[in-house]
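S.K.: This is the structure I have questions about; it appears just below.
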Amino acid sequence: MIKIATPKLEELAQKHYEALKSKFKFPTCKYSLEEVITAKPEKLHEIAMHYKGNHKFDMMIKAYKKFTVKVDDDTYDAYKLAKDLNVTVCPYCNRNYTFTVRSKNGSTRPQFDHFYDKATYPILALSFYNLIPSCPTCNTSIKGRKEFSLTTHVHPYVDGFDDKACFSLHVKESSFYYDEKGFDLELNSNDAKAQKNIKDFALEEIYKNHKDIVLELIQKSVMYNESYIEELMQNYEGTLFKNEEDLLRLIFGGYISDEDLDKRPLSKLTKDILEQLEII
Ligand SMILES: [Zn+2]
């Protein structure tokens with residue numbers, strides 16, 4: 001789970017509201033439509049608790065469905081929101097790319113997961129901070145209608161795993177240098193919310209399928225030892241790459257600084273394993 005770090009979120013939330021406010025009739029309730037659409041995560045939770053299971057807001061679900069249908073290039077729709085957010089890797093799993101592309105040959109965009117599911121919380125069906133750009137695996141196959149809440153799970157507009165959850169490899173046999181069966185891959189956390197995310201997105205089970213990547217990291221960590229890295233730095237720094245971080249990205253195939261983890265799939269896995277291997 002990687003925190004969504006798009007700049008100017010408040011402006012985008014406001015734009016989202018302005019574009020949608022005239023699309024349907026919102027019933028009178030404790031909150032204005034603007035509050036409901038732009039509510040930040042904590043407020044979102046308050047509204048969710050207040051109107052859980054209240055179906056007088058079902059028109060929001062209908063409006064959301066309309067919002068997801070591509071009409072033309074000028075209409076504000078889910079493609080426009082996805083493009084504005086520019087979340088290119090699924091924040092829930094950090095495994096799948098979620099680029100937004102609109103072309104005459106075909107279009108693709110991230111799905112929008114409703115953090116508070118829209119069937120239980122219809123009032124939040126179009127709320128900006130309730131719409132999490134994510135991959136179809138996380139949204140449709142795995143999460144579905146599982147009950148999520150700010151009090152039980154990590155919300156990607158609030159937090160990421162950072163140091164709350166870590167991948168680690170556990171050597172079982174000396175064959176671990178050349179055989180995936182020689183080690184185990186685990187994803188552990190001491191944080192109750194992060195643990196819920198790990199469980200509800202089946203992250204540990206799914207990541208076990210990426211042991212081939214971990215094996216390559218182990219092998220590369222041996223090949224690219226300290227003196228070899230030094231030699232490469234002396235030969236190519238400033239020409240082939242900018243600095244040591246750039247070189248490590250080139251070798252190990254992942255962004256490794258915290259602020260770049262959202263740019264490439266498996267970067268959290270790569271970073272944690274490289275830290276364990278004392279490469280970074
Ligand atoms: Zn995902």
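Chain labels run A, B, ... following the order of the structure tokens; each chain numbers its residues from 1, and ligands are numbered from 1 in the order shown.
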Can you pull out the residues contacting region 14-30 of chain A? Cut-off 9 Å, using only C-alpha atoms, and skip same-chain residues under 3 positions away; I want them as a VMD selection string.
M.R.: chain A and resid 9 to 11 33 to 34 37 to 38 47 56 to 57 59 to 60 63 67 75 to 77 81 126 to 128
S.K.: Pick out the residues no farther than 8 Å from ligand 1, counting only C-alpha atoms and all ligand atoms, and list them as number ranges by chain.
M.R.: A: 89-96, 134-139
S.K.: Keeping only C-alpha atoms, take the residues you just selected and write them out as a JSON list (two decimals), in the first residue's frame.
M.R.:
```json
[["chain", "number", "residue", "atom", "x", "y", "z"],
["A", 89, "VAL", "CA", 0.52, 2.18, -10.19],
["A", 90, "CYS", "CA", -2.22, 0.67, -8.01],
["A", 91, "PRO", "CA", -1.77, 2.12, -4.50],
["A", 92, "TYR", "CA", -3.37, -0.92, -2.83],
["A", 93, "CYS", "CA", -1.01, -3.57, -4.22],
["A", 94, "ASN", "CA", 1.88, -1.68, -5.88],
["A", 95, "ARG", "CA", 1.87, -4.47, -8.47],
["A", 96, "ASN", "CA", -0.16, -3.33, -11.48],
["A", 134, "SER", "CA", -6.84, 0.99, -8.29],
["A", 135, "CYS", "CA", -6.27, -2.09, -10.41],
["A", 136, "PRO", "CA", -9.07, -4.54, -11.33],
["A", 137, "THR", "CA", -7.43, -7.29, -9.26],
["A", 138, "CYS", "CA", -7.59, -5.25, -6.05],
["A", 139, "ASN", "CA", -10.94, -3.60, -6.72]]
```
S.K.: Would you pick out the contacts of region 154-171 of chain A at 9 Å or less, using only C-alpha atoms, so that residues sharing its chain but fewer than 5 positions from it are not included, and give the list as a PyMOL selection string?
M.R.: chain A and resi 1-5+40-41+91-92+115+129+132+149+176+182-191+193-198+204+214+258+268-273+276
S.K.: Quick check, in Å to one decimal: how far apart do CA of Thr88 (chain A) and CA of Leu277 (chain A) lie?
M.R.: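 Spanning CA of Thr88 (chain A) to CA of Leu277 (chain A) is a straight-line distance of 27.8 Å.
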S.K.: Using Å and a single decimal, report how far CA of Ala48 (chain A) sits from CA of Ile123 (chain A).
M.R.: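 Rounded to one decimal, the two atoms are 7.7 Å apart.
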